[in-house]
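Engineer: Coordinates in protein.cif, mmCIF, C-alpha atoms, are listed below.
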data_final
#
loop_
_atom_site.label_atom_id
_atom_site.label_comp_id
_atom_site.auth_asym_id
_atom_site.auth_seq_id
_atom_site.Cartn_x
_atom_site.Cartn_y
_atom_site.Cartn_z
CA PRO A 1 0.02 96.54 72.05
CA MET A 2 -0.32 92.78 72.40
CA THR A 3 2.96 90.87 72.66
CA ILE A 4 1.59 87.56 71.34
CA ASP A 5 3.02 85.94 68.21
CA ILE A 6 0.00 86.22 65.92
CA ASN A 7 1.25 83.34 63.77
CA LYS A 8 0.57 81.00 66.70
CA VAL A 9 -3.11 81.98 66.89
CA PRO A 10 -5.52 79.58 65.14
CA SER A 11 -7.59 81.56 62.67
CA PRO A 12 -10.27 82.86 62.85
CA CYS A 13 -10.08 83.87 66.50
CA TYR A 14 -10.87 86.74 68.85
CA VAL A 15 -8.01 87.18 71.32
CA LEU A 16 -8.40 89.05 74.60
CA ASP A 17 -5.17 90.32 76.17
CA VAL A 18 -5.49 90.07 79.97
CA ASP A 19 -2.79 92.67 80.62
CA LEU A 20 -4.53 95.24 78.42
CA LEU A 21 -7.86 94.50 80.13
CA ARG A 22 -6.28 94.98 83.56
CA ASN A 23 -4.87 98.33 82.43
CA ASN A 24 -8.38 99.49 81.56
CA LEU A 25 -9.80 98.15 84.82
CA ARG A 26 -7.16 100.00 86.84
CA LEU A 27 -7.97 103.27 85.12
CA ILE A 28 -11.73 102.86 85.52
CA ASN A 29 -11.23 101.88 89.16
CA SER A 30 -9.14 105.00 89.78
CA VAL A 31 -11.94 107.16 88.34
CA ARG A 32 -14.46 105.32 90.49
CA GLN A 33 -12.45 105.91 93.66
CA ALA A 34 -11.59 109.54 92.95
CA SER A 35 -15.09 110.59 91.82
CA GLY A 36 -17.19 108.52 94.21
CA ALA A 37 -19.31 107.30 91.30
CA GLU A 38 -20.52 103.73 90.92
CA ILE A 39 -19.08 102.53 87.59
CA ILE A 40 -20.44 99.25 86.26
CA LEU A 41 -19.83 97.14 83.17
CA ALA A 42 -22.48 97.15 80.44
CA PHE A 43 -22.81 93.57 79.18
CA LYS A 44 -24.32 94.82 75.92
CA ALA A 45 -20.78 95.81 74.90
CA PHE A 46 -18.67 93.12 76.56
CA ALA A 47 -19.91 89.86 78.07
CA MET A 48 -16.99 87.44 77.64
CA TRP A 49 -17.57 85.67 80.94
CA SER A 50 -14.34 83.70 80.85
CA ALA A 51 -12.75 87.08 81.67
CA PHE A 52 -15.07 87.77 84.63
CA PRO A 53 -12.55 86.49 87.21
CA ILE A 54 -10.32 89.43 86.20
CA ILE A 55 -13.23 91.88 86.44
CA ARG A 56 -14.13 90.47 89.86
CA GLU A 57 -10.62 91.35 91.10
CA PHE A 58 -11.77 94.98 90.99
CA ASN A 59 -15.29 94.32 92.37
CA PHE A 60 -17.08 95.78 89.36
CA LYS A 61 -20.79 95.09 89.05
CA SER A 62 -22.75 95.17 85.81
CA THR A 63 -25.75 96.49 83.96
CA ALA A 64 -28.09 94.14 82.12
CA SER A 65 -30.64 94.72 79.35
CA SER A 66 -32.36 91.33 79.37
CA LEU A 67 -33.05 88.25 81.46
CA SER A 68 -30.04 86.47 79.97
CA GLU A 69 -27.70 89.33 80.82
CA ALA A 70 -29.15 89.60 84.33
CA ARG A 71 -28.59 85.88 84.87
CA LEU A 72 -25.03 86.20 83.59
CA ALA A 73 -24.41 88.92 86.17
CA TYR A 74 -25.89 86.86 88.98
CA GLU A 75 -24.49 83.46 88.04
CA GLU A 76 -21.08 84.28 86.51
CA LEU A 77 -20.06 87.72 87.80
CA GLY A 78 -21.50 86.91 91.22
CA SER A 79 -23.43 90.13 91.76
CA MET A 80 -26.92 91.44 91.15
CA ALA A 81 -27.45 93.52 88.03
CA HIS A 82 -28.63 97.04 87.44
CA THR A 83 -31.27 96.10 84.89
CA PHE A 84 -32.94 98.19 82.21
CA SER A 85 -35.03 96.91 79.34
CA PRO A 86 -37.27 98.78 76.90
CA ALA A 87 -39.90 96.09 77.52
CA TYR A 88 -40.13 93.59 80.37
CA THR A 89 -42.45 90.63 79.82
CA ASP A 90 -44.65 88.85 82.35
CA ASN A 91 -43.04 85.46 81.82
CA GLU A 92 -39.52 86.77 82.53
CA PHE A 93 -39.96 89.47 85.13
CA ALA A 94 -39.97 87.29 88.25
CA LYS A 95 -36.59 85.82 87.28
CA ILE A 96 -35.24 89.28 86.41
CA MET A 97 -36.17 90.42 89.93
CA GLU A 98 -34.22 87.51 91.43
CA CYS A 99 -31.07 88.64 89.60
CA SER A 100 -31.37 92.43 90.02
CA SER A 101 -30.54 95.02 92.66
CA HIS A 102 -31.84 97.88 90.50
CA ILE A 103 -34.62 97.83 87.89
CA THR A 104 -35.27 100.78 85.62
CA PHE A 105 -38.45 101.16 83.59
CA ASN A 106 -38.71 102.71 80.14
CA SER A 107 -42.25 103.98 80.69
CA LEU A 108 -44.71 104.73 83.48
CA THR A 109 -46.98 102.07 81.99
CA GLN A 110 -44.36 99.38 82.56
CA TYR A 111 -43.66 100.68 86.07
CA LYS A 112 -47.34 100.55 87.04
CA HIS A 113 -47.75 97.07 85.55
CA PHE A 114 -44.85 95.48 87.47
CA GLN A 115 -44.85 97.56 90.64
CA PRO A 116 -47.16 95.17 92.55
CA GLN A 117 -44.75 92.28 91.87
CA ILE A 118 -41.77 94.28 93.07
CA ALA A 119 -43.57 95.13 96.27
CA ARG A 120 -43.57 91.38 97.03
CA ALA A 121 -39.87 90.80 96.14
CA ASP A 122 -37.80 88.88 98.68
CA HIS A 123 -34.94 91.43 98.59
CA PRO A 124 -34.80 95.22 98.24
CA ILE A 125 -34.86 96.45 94.63
CA SER A 126 -34.11 100.07 93.82
CA LEU A 127 -36.46 101.35 91.12
CA GLY A 128 -35.71 103.92 88.45
CA LEU A 129 -37.30 105.58 85.46
CA ARG A 130 -35.47 106.17 82.21
CA ILE A 131 -35.84 109.74 81.08
CA ASN A 132 -35.24 111.11 77.60
CA PRO A 133 -33.56 114.51 77.93
CA GLU A 134 -34.11 115.23 74.22
CA PHE A 135 -30.44 116.12 74.00
CA SER A 136 -27.59 114.29 72.32
CA VAL A 137 -24.19 114.76 70.74
CA VAL A 138 -24.39 111.42 68.90
CA GLU A 139 -24.44 111.97 65.14
CA THR A 140 -25.24 108.43 63.96
CA ASP A 141 -29.00 107.96 64.27
CA ILE A 142 -28.91 104.20 64.85
CA TYR A 143 -26.90 104.86 68.05
CA ASN A 144 -28.77 108.00 69.15
CA PRO A 145 -31.45 107.30 71.80
CA CYS A 146 -32.67 110.90 71.64
CA THR A 147 -33.69 111.17 68.00
CA PRO A 148 -37.16 112.73 67.61
CA GLY A 149 -39.78 110.07 68.24
CA SER A 150 -37.36 107.79 70.07
CA ARG A 151 -38.98 104.88 71.92
CA LEU A 152 -36.40 105.14 74.71
CA GLY A 153 -37.12 107.09 77.88
CA ILE A 154 -39.78 109.45 79.20
CA VAL A 155 -39.64 113.08 78.04
CA ALA A 156 -40.05 115.85 80.62
CA SER A 157 -43.55 116.77 79.49
CA GLN A 158 -44.77 113.24 80.33
CA LEU A 159 -43.34 113.04 83.86
CA PRO A 160 -45.66 113.70 86.82
CA SER A 161 -44.51 116.61 88.96
CA LYS A 162 -44.34 114.22 91.92
CA LEU A 163 -42.64 110.91 91.20
CA PRO A 164 -44.08 107.70 92.71
CA SER A 165 -42.73 107.29 96.24
CA ASP A 166 -40.84 104.08 95.42
CA ILE A 167 -38.92 105.56 92.47
CA SER A 168 -35.37 106.06 93.70
CA GLY A 169 -33.50 106.98 90.54
CA LEU A 170 -33.37 108.49 87.09
CA HIS A 171 -31.60 106.77 84.22
CA ILE A 172 -30.26 108.76 81.26
CA HIS A 173 -28.43 107.24 78.31
CA CYS A 174 -27.61 109.38 75.31
CA LEU A 175 -23.83 109.26 74.80
CA CYS A 176 -21.74 106.99 72.56
CA GLU A 177 -17.93 106.83 72.75
CA SER A 178 -18.18 110.40 74.05
CA SER A 179 -15.90 112.76 75.97
CA ALA A 180 -16.02 114.28 79.45
CA THR A 181 -17.00 117.58 77.81
CA ASP A 182 -20.00 115.82 76.25
CA LEU A 183 -21.04 114.48 79.66
CA GLU A 184 -20.66 117.95 81.16
CA ALA A 185 -23.01 119.37 78.50
CA LEU A 186 -25.50 116.57 79.18
CA MET A 187 -25.35 117.18 82.94
CA GLN A 188 -25.99 120.90 82.46
CA HIS A 189 -28.95 120.17 80.19
CA VAL A 190 -30.43 117.69 82.68
CA GLU A 191 -29.96 120.15 85.54
CA GLU A 192 -31.83 122.83 83.59
CA HIS A 193 -34.75 120.64 82.51
CA PHE A 194 -35.11 117.96 85.22
CA ALA A 195 -34.15 119.76 88.45
CA GLN A 196 -37.53 119.17 90.10
CA TRP A 197 -37.17 115.40 89.64
CA ILE A 198 -33.46 115.14 90.56
CA LYS A 199 -34.44 116.55 93.96
CA GLN A 200 -36.82 113.61 94.47
CA VAL A 201 -34.37 110.74 93.83
CA LYS A 202 -31.35 109.10 95.45
CA TRP A 203 -29.37 108.23 92.32
CA VAL A 204 -28.87 109.40 88.75
CA ASN A 205 -27.49 106.94 86.21
CA PHE A 206 -25.82 108.66 83.26
CA GLY A 207 -25.70 105.45 81.24
CA GLY A 208 -22.85 104.51 78.95
CA GLY A 209 -20.74 106.13 76.27
CA HIS A 210 -18.04 107.42 78.64
CA LEU A 211 -14.91 106.30 76.79
CA MET A 212 -12.52 107.07 79.63
CA THR A 213 -9.91 104.52 78.51
CA ARG A 214 -9.44 106.14 75.10
CA GLN A 215 -6.14 107.96 74.70
CA GLY A 216 -6.66 111.67 75.27
CA TYR A 217 -9.84 111.32 77.35
CA ASP A 218 -9.85 113.95 80.11
CA THR A 219 -10.36 111.77 83.20
CA ASP A 220 -9.55 114.68 85.55
CA LYS A 221 -12.49 116.60 84.08
CA LEU A 222 -14.70 113.51 84.36
CA ILE A 223 -13.85 113.15 88.05
CA SER A 224 -14.46 116.83 88.80
CA ILE A 225 -17.87 117.05 87.08
CA ILE A 226 -19.09 113.87 88.77
CA LYS A 227 -18.01 115.16 92.19
CA ALA A 228 -19.66 118.52 91.52
CA PHE A 229 -22.95 116.89 90.47
CA ARG A 230 -22.97 114.57 93.50
CA GLU A 231 -22.31 117.41 95.91
CA LYS A 232 -24.77 119.84 94.32
CA TRP A 233 -27.71 117.45 94.25
CA GLY A 234 -26.91 115.03 97.06
CA VAL A 235 -27.36 111.97 94.83
CA GLU A 236 -25.33 108.91 93.93
CA VAL A 237 -23.97 109.01 90.37
CA ILE A 238 -23.84 105.79 88.36
CA LEU A 239 -22.03 105.29 85.05
CA GLU A 240 -22.35 102.12 82.99
CA PRO A 241 -19.83 102.21 80.14
CA GLY A 242 -19.27 99.14 78.01
CA SER A 243 -16.70 100.07 75.40
CA ALA A 244 -14.41 101.63 78.02
CA PHE A 245 -13.88 98.23 79.66
CA GLY A 246 -13.03 96.36 76.45
CA TRP A 247 -11.40 99.25 74.57
CA GLU A 248 -8.28 98.14 72.66
CA THR A 249 -7.96 94.95 74.69
CA GLY A 250 -7.94 92.47 71.84
CA VAL A 251 -7.97 91.59 68.17
CA LEU A 252 -9.69 89.45 65.57
CA VAL A 253 -7.17 87.27 63.73
CA SER A 254 -8.07 86.18 60.21
CA ASP A 255 -6.44 84.73 57.08
CA VAL A 256 -6.42 85.77 53.45
CA VAL A 257 -8.14 82.91 51.62
CA ASP A 258 -8.22 84.38 48.12
CA ILE A 259 -7.54 87.59 46.21
CA VAL A 260 -9.92 88.68 43.46
CA GLU A 261 -9.91 91.65 41.10
CA ASN A 262 -12.80 93.47 39.44
CA ASN A 263 -12.62 96.81 37.62
CA GLY A 264 -9.20 97.54 39.03
CA ILE A 265 -10.25 96.86 42.63
CA SER A 266 -8.40 94.09 44.43
CA THR A 267 -10.24 92.37 47.29
CA ALA A 268 -8.65 90.10 49.86
CA ILE A 269 -11.27 87.47 50.70
CA LEU A 270 -10.95 86.56 54.38
CA ASN A 271 -12.14 83.69 56.57
CA VAL A 272 -14.17 86.17 58.64
CA SER A 273 -17.17 88.31 57.85
CA PHE A 274 -17.97 91.95 58.59
CA ALA A 275 -21.67 91.14 58.52
CA CYS A 276 -21.33 88.20 60.91
CA HIS A 277 -18.33 89.02 63.09
CA MET A 278 -17.75 92.80 62.92
CA PRO A 279 -21.26 94.17 62.29
CA ASP A 280 -20.58 97.68 63.64
CA CYS A 281 -18.20 98.22 60.72
CA LEU A 282 -21.25 98.13 58.46
CA GLU A 283 -23.82 99.60 60.86
CA MET A 284 -21.92 102.62 62.17
CA PRO A 285 -20.18 102.49 59.69
CA TYR A 286 -16.52 102.63 60.62
CA LYS A 287 -13.24 101.37 59.23
CA PRO A 288 -11.18 99.29 61.65
CA HIS A 289 -7.40 99.45 61.87
CA ILE A 290 -5.43 96.52 60.46
CA ARG A 291 -2.08 95.70 62.01
CA GLY A 292 0.78 96.60 59.68
CA ALA A 293 -1.47 98.28 57.09
CA HIS A 294 -1.80 101.93 56.12
CA HIS A 295 -5.24 103.01 57.30
CA GLU A 296 -5.73 105.23 54.23
CA PRO A 297 -4.73 104.25 50.69
CA VAL A 298 -1.18 105.26 49.72
CA SER A 299 -0.52 105.98 46.06
CA GLY A 300 1.88 103.47 44.55
CA LEU A 301 1.43 100.82 47.26
CA PRO A 302 -0.60 97.61 46.89
CA THR A 303 -4.15 98.49 48.00
CA TYR A 304 -7.00 96.15 48.89
CA ARG A 305 -10.54 95.97 50.08
CA MET A 306 -11.17 93.40 52.81
CA GLY A 307 -13.96 91.03 51.78
CA GLY A 308 -15.97 88.91 54.17
CA ASN A 309 -16.83 85.27 53.53
CA SER A 310 -20.61 85.57 53.69
CA CYS A 311 -22.82 85.83 50.61
CA LEU A 312 -23.97 89.37 51.48
CA SER A 313 -22.89 91.63 48.60
CA GLY A 314 -22.01 94.45 50.97
CA ASP A 315 -19.86 92.28 53.24
CA PHE A 316 -16.67 94.25 52.61
CA VAL A 317 -14.85 97.33 53.84
CA GLY A 318 -12.09 99.23 52.05
CA ASP A 319 -9.42 100.34 51.38
CA TRP A 320 -6.05 99.71 53.04
CA SER A 321 -2.55 99.86 51.56
CA PHE A 322 0.24 97.43 52.40
CA ASP A 323 3.98 97.77 51.99
CA LYS A 324 4.09 94.60 49.88
CA PRO A 325 1.42 92.64 47.99
CA LEU A 326 -0.79 90.36 50.07
CA GLN A 327 -0.49 86.62 49.54
CA ILE A 328 -2.99 83.86 50.16
CA GLY A 329 -2.36 82.63 53.70
CA ASP A 330 -1.27 86.02 55.10
CA LYS A 331 -2.64 86.97 58.51
CA ILE A 332 -4.97 89.97 58.68
CA VAL A 333 -5.28 91.24 62.26
CA PHE A 334 -8.15 93.63 63.00
CA GLU A 335 -7.33 95.81 65.99
CA ASP A 336 -9.72 96.63 68.84
CA MET A 337 -12.24 93.86 68.17
CA LEU A 338 -13.50 92.87 71.63
CA HIS A 339 -16.22 95.40 72.50
CA TYR A 340 -19.44 95.35 70.49
CA THR A 341 -18.17 92.44 68.37
CA THR A 342 -18.44 89.13 70.23
CA VAL A 343 -21.79 90.25 71.69
CA LYS A 344 -23.22 91.01 68.24
CA THR A 345 -21.99 88.14 66.09
CA THR A 346 -24.36 86.00 64.07
CA MET A 347 -24.16 82.64 62.34
CA PHE A 348 -25.60 83.96 59.09
CA ASN A 349 -24.72 81.65 56.19
CA GLY A 350 -23.31 79.20 58.72
CA VAL A 351 -19.85 80.64 58.13
CA THR A 352 -17.23 79.35 60.54
CA HIS A 353 -17.46 81.30 63.77
CA PRO A 354 -14.22 82.69 65.28
CA SER A 355 -12.94 81.02 68.42
CA LEU A 356 -12.53 82.94 71.67
CA ALA A 357 -9.08 83.04 73.28
CA ILE A 358 -7.42 84.67 76.27
CA TYR A 359 -3.75 85.62 76.30
CA ASP A 360 -1.44 86.75 79.05
CA GLN A 361 2.33 86.87 79.09
CA LYS A 362 2.58 84.51 82.06
CA HIS A 363 0.35 81.68 80.81
CA GLY A 364 0.39 82.22 77.06
CA LEU A 365 -2.60 81.64 74.78
CA ARG A 366 -5.65 79.73 75.98
CA ILE A 367 -8.52 78.87 73.62
CA VAL A 368 -11.63 79.12 75.79
CA ARG A 369 -14.35 78.44 73.20
CA THR A 370 -14.58 77.01 69.71
CA PHE A 371 -17.71 76.89 67.56
CA GLY A 372 -18.82 74.27 65.09
CA TYR A 373 -21.70 72.77 63.15
CA GLU A 374 -23.65 71.85 66.28
CA ASP A 375 -23.72 75.50 67.41
CA TYR A 376 -25.15 76.57 64.06
CA LYS A 377 -27.60 73.67 63.92
CA ALA A 378 -28.86 74.23 67.46
CA ARG A 379 -29.83 77.81 66.63
CA MET A 380 -31.84 76.87 63.57
CA SER A 381 -34.28 74.42 65.20
#
Could you rewrite the structure in this file as structure tokens?

Structural biologist:
Amino acid sequence: PMTIDINKVPSPCYVLDVDLLRNNLRLINSVRQASGAEIILAFKAFAMWSAFPIIREFNFKSTASSLSEARLAYEELGSMAHTFSPAYTDNEFAKIMECSSHITFNSLTQYKHFQPQIARADHPISLGLRINPEFSVVETDIYNPCTPGSRLGIVASQLPSKLPSDISGLHIHCLCESSATDLEALMQHVEEHFAQWIKQVKWVNFGGGHLMTRQGYDTDKLISIIKAFREKWGVEVILEPGSAFGWETGVLVSDVVDIVENNGISTAILNVSFACHMPDCLEMPYKPHIRGAHHEPVSGLPTYRMGGNSCLSGDFVGDWSFDKPLQIGDKIVFEDMLHYTTVKTTMFNGVTHPSLAIYDQKHGLRIVRTFGYEDYKARMS
């Protein structure tokens, strides 16, 4: 856990703990070295570039899903991106090529459209196709790329028996905070249904969702199945987790601004918003842990919903119990709020946006970014 004195953090604020991030990076690096896989950071989950100097210590590259992410890789991480987008556009593609070492296409139509441009690129670019294995263990549809009718990836029946000669890889993404056993099942399914195409490529990218930094994840199994796949097929294996890098590395610090009651339900109104600052809590949905609170209601203890400060009626999550009644001004600290939070925030309602801070035991707390009226105004016109 973080050792920082939360009372010294200006609220609202996301705080990244450098020591916790380094712990994750060491573990991921050990898996990379032992398995021989290329493991890269997915910016869609974590793109706090003030922390990139720490990520560069371990020589991790990244995966991008847009021109902006590809530029961030090239300009701030200092390496070319492995880029995939469901739809590249003519006005952005030339710049994407400049920033990318790998480009994966979501359809054969997109590949054919942009292939002539790539042939004229001034550096080698490894090309891939995203396939849809029509297999998934993800139960939440909004996060499942393999739901029937999905727009993501090419199904086996639509692939030509002979891939274009300049296609070097296959990209598969259909896991989400999944286990090594889930990846093993996916690998077996892909081997059964895509063997003829695996034989034609140099690399297979198994996307993200490999939550190897979660307590209890079987990293030994992960290493062994990656090694077995590499040796059996003679291909490079690439993984691009996002959550695993930022998992449990930081918090969102907020304050209780008011406490309201309606029909016997007490709500602590906060100076943060689930809709604006923790959207996955409503989308997934999931209930985050609050430091010092009982995660499930306890009979006889003061129990509260947490209410966001936007005008959206559904901007709340509940319920938590506390050992003593909450008071206006109390700190509410949401655990594990670095991955898939800062990258997804909005300025809906113009509510005050949390600052970004970095903490380490040696240097203390450093506020790296604050947001104000000009940030909101500049996005509106």

Engineer: Taking the file as shown, what set of residues would the PyMOL selection byres ((chain A and resi 167) around 9) give back, as a list in words?

Structural biologist: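 On the file shown, the PyMOL selection byres ((chain A and resi 167) around 9) covers Ser126, Leu127, Gly128, Leu129, Leu163, Pro164, Ser165, Asp166, Ser168, Gly169, Leu170, Gln200, Val201 and Lys202 of chain A.
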
Engineer: Go ahead and dump the residues you just picked, C-alpha atoms, as a short mmCIF file (atom, residue, chain, number, x, y, z; two decimals), keeping the file's coordinate frame.

Structural biologist:
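File produced: part18.cif:
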data_model
loop_
_atom_site.label_atom_id
_atom_site.label_comp_id
_atom_site.auth_asym_id
_atom_site.auth_seq_id
_atom_site.Cartn_x
_atom_site.Cartn_y
_atom_site.Cartn_z
CA SER A 126 -34.11 100.07 93.82
CA LEU A 127 -36.46 101.35 91.12
CA GLY A 128 -35.71 103.92 88.45
CA LEU A 129 -37.30 105.58 85.46
CA LEU A 163 -42.64 110.91 91.20
CA PRO A 164 -44.08 107.70 92.71
CA SER A 165 -42.73 107.29 96.24
CA ASP A 166 -40.84 104.08 95.42
CA SER A 168 -35.37 106.06 93.70
CA GLY A 169 -33.50 106.98 90.54
CA LEU A 170 -33.37 108.49 87.09
CA GLN A 200 -36.82 113.61 94.47
CA VAL A 201 -34.37 110.74 93.83
CA LYS A 202 -31.35 109.10 95.45
#

Engineer: Could you state which residues are captured by the PyMOL selection byres ((chain A and resi 257-262) around 12) in this file, as an MDAnalysis selection string?

Structural biologist: chainID A and resid 11:12 254:256 263:272 303:309 325:332

Engineer: Could you check which of A:Leu21, A:Ala73, A:Val343, A:Ile154 is closest to Thr213 in chain A, using all atoms listed in the file?

Structural biologist: A:Leu21

Engineer: Suppose a student applies the PyMOL selection byres ((chain A and resi 42) around 8) to this structure; what residues should they get, written as a list in words?

Structural biologist: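 Evaluating the PyMOL selection byres ((chain A and resi 42) around 8) on this file yields Ile40, Leu41, Phe43, Lys44, Ala45, Phe46, Ser62, Thr63, Ala64, Gly208, Glu240, Pro241 and Gly242 of chain A.
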
Engineer: Quote the spacing between CA of Gly209 in chain A and CA of Leu175 in chain A in Å to one decimal place.

Structural biologist: 4.6 Å

Engineer: For the atom pair CA of Arg26 in chain A and CA of Ile39 in chain A, what is the interatomic distance in Å to one decimal place?

Structural biologist: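 If I compute the distance from CA of Arg26 in chain A to CA of Ile39 in chain A, I get 12.2 Å.
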
Engineer: Residues at most 12 Å from Pro148 in chain A, counting all atoms listed in the file, excluding those fewer than 4 positions away in the same chain, as a list in words?

Structural biologist: Asn132, Pro133, Glu134, Phe135, Ser136, Asp141, Asn144, Leu152, Gly153 and Val155 of chain A

Engineer: Mind pulling up the distance from CA of Ile142 in chain A to CA of Met380 in chain A?

Structural biologist: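 Between these atoms lies a distance of 27.5 Å.
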
Engineer: Considering only C-alpha atoms, can you say which of A:Phe58, A:Arg71, A:Thr83, A:Leu159 comes closest to Leu108 in chain A?

Structural biologist: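 Closest to Leu108 in chain A, using only C-alpha atoms: A:Leu159.
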
Engineer: Model the absent atoms of range 343-350 of chain A so that all heavy atoms are present, and write the result as a PDB file, in the frame of the given file.

Structural biologist:
ATOM      1  N   VAL A 343     -20.394  90.207  71.231  1.00  0.00           N
ATOM      2  CA  VAL A 343     -21.790  90.250  71.690  1.00  0.00           C
ATOM      3  C   VAL A 343     -22.790  90.381  70.543  1.00  0.00           C
ATOM      4  O   VAL A 343     -23.992  90.165  70.731  1.00  0.00           O
ATOM      5  CB  VAL A 343     -22.015  91.425  72.677  1.00  0.00           C
ATOM      6  CG1 VAL A 343     -21.268  91.196  73.972  1.00  0.00           C
ATOM      7  CG2 VAL A 343     -21.607  92.760  72.045  1.00  0.00           C
ATOM      8  N   LYS A 344     -22.305  90.739  69.351  1.00  0.00           N
ATOM      9  CA  LYS A 344     -23.220  91.010  68.240  1.00  0.00           C
ATOM     10  C   LYS A 344     -23.076  90.040  67.076  1.00  0.00           C
ATOM     11  O   LYS A 344     -23.721  90.208  66.049  1.00  0.00           O
ATOM     12  CB  LYS A 344     -22.995  92.448  67.722  1.00  0.00           C
ATOM     13  CG  LYS A 344     -23.331  93.523  68.737  1.00  0.00           C
ATOM     14  CD  LYS A 344     -23.157  94.920  68.189  1.00  0.00           C
ATOM     15  CE  LYS A 344     -24.320  95.331  67.312  1.00  0.00           C
ATOM     16  NZ  LYS A 344     -24.282  96.774  66.965  1.00  0.00           N
ATOM     17  N   THR A 345     -22.222  89.039  67.220  1.00  0.00           N
ATOM     18  CA  THR A 345     -21.990  88.140  66.090  1.00  0.00           C
ATOM     19  C   THR A 345     -23.234  87.327  65.756  1.00  0.00           C
ATOM     20  O   THR A 345     -24.100  87.105  66.590  1.00  0.00           O
ATOM     21  CB  THR A 345     -20.836  87.175  66.385  1.00  0.00           C
ATOM     22  OG1 THR A 345     -21.163  86.410  67.548  1.00  0.00           O
ATOM     23  CG2 THR A 345     -19.539  87.907  66.595  1.00  0.00           C
ATOM     24  N   THR A 346     -23.286  86.879  64.514  1.00  0.00           N
ATOM     25  CA  THR A 346     -24.360  86.000  64.070  1.00  0.00           C
ATOM     26  C   THR A 346     -23.751  84.774  63.389  1.00  0.00           C
ATOM     27  O   THR A 346     -22.551  84.718  63.153  1.00  0.00           O
ATOM     28  CB  THR A 346     -25.287  86.698  63.046  1.00  0.00           C
ATOM     29  OG1 THR A 346     -24.626  86.758  61.780  1.00  0.00           O
ATOM     30  CG2 THR A 346     -25.655  88.106  63.485  1.00  0.00           C
ATOM     31  N   MET A 347     -24.608  83.821  63.098  1.00  0.00           N
ATOM     32  CA  MET A 347     -24.160  82.640  62.340  1.00  0.00           C
ATOM     33  C   MET A 347     -24.791  82.621  60.955  1.00  0.00           C
ATOM     34  O   MET A 347     -25.003  81.561  60.372  1.00  0.00           O
ATOM     35  CB  MET A 347     -24.453  81.370  63.125  1.00  0.00           C
ATOM     36  CG  MET A 347     -23.558  81.256  64.352  1.00  0.00           C
ATOM     37  SD  MET A 347     -23.666  79.658  65.161  1.00  0.00           S
ATOM     38  CE  MET A 347     -22.262  79.774  66.269  1.00  0.00           C
ATOM     39  N   PHE A 348     -25.083  83.805  60.450  1.00  0.00           N
ATOM     40  CA  PHE A 348     -25.600  83.960  59.090  1.00  0.00           C
ATOM     41  C   PHE A 348     -24.731  83.178  58.108  1.00  0.00           C
ATOM     42  O   PHE A 348     -23.515  83.198  58.173  1.00  0.00           O
ATOM     43  CB  PHE A 348     -25.613  85.450  58.730  1.00  0.00           C
ATOM     44  CG  PHE A 348     -25.928  85.754  57.297  1.00  0.00           C
ATOM     45  CD1 PHE A 348     -27.147  85.399  56.743  1.00  0.00           C
ATOM     46  CD2 PHE A 348     -25.009  86.411  56.504  1.00  0.00           C
ATOM     47  CE1 PHE A 348     -27.435  85.682  55.422  1.00  0.00           C
ATOM     48  CE2 PHE A 348     -25.287  86.708  55.182  1.00  0.00           C
ATOM     49  CZ  PHE A 348     -26.505  86.343  54.636  1.00  0.00           C
ATOM     50  N   ASN A 349     -25.389  82.465  57.210  1.00  0.00           N
ATOM     51  CA  ASN A 349     -24.720  81.650  56.190  1.00  0.00           C
ATOM     52  C   ASN A 349     -24.011  80.429  56.780  1.00  0.00           C
ATOM     53  O   ASN A 349     -23.401  79.669  56.040  1.00  0.00           O
ATOM     54  CB  ASN A 349     -23.670  82.475  55.417  1.00  0.00           C
ATOM     55  CG  ASN A 349     -24.188  83.016  54.097  1.00  0.00           C
ATOM     56  OD1 ASN A 349     -23.424  83.551  53.306  1.00  0.00           O
ATOM     57  ND2 ASN A 349     -25.475  82.898  53.829  1.00  0.00           N
ATOM     58  N   GLY A 350     -24.029  80.304  58.097  1.00  0.00           N
ATOM     59  CA  GLY A 350     -23.310  79.200  58.720  1.00  0.00           C
ATOM     60  C   GLY A 350     -21.802  79.294  58.574  1.00  0.00           C
ATOM     61  O   GLY A 350     -21.099  78.284  58.725  1.00  0.00           O
TER      62      GLY A 350
END
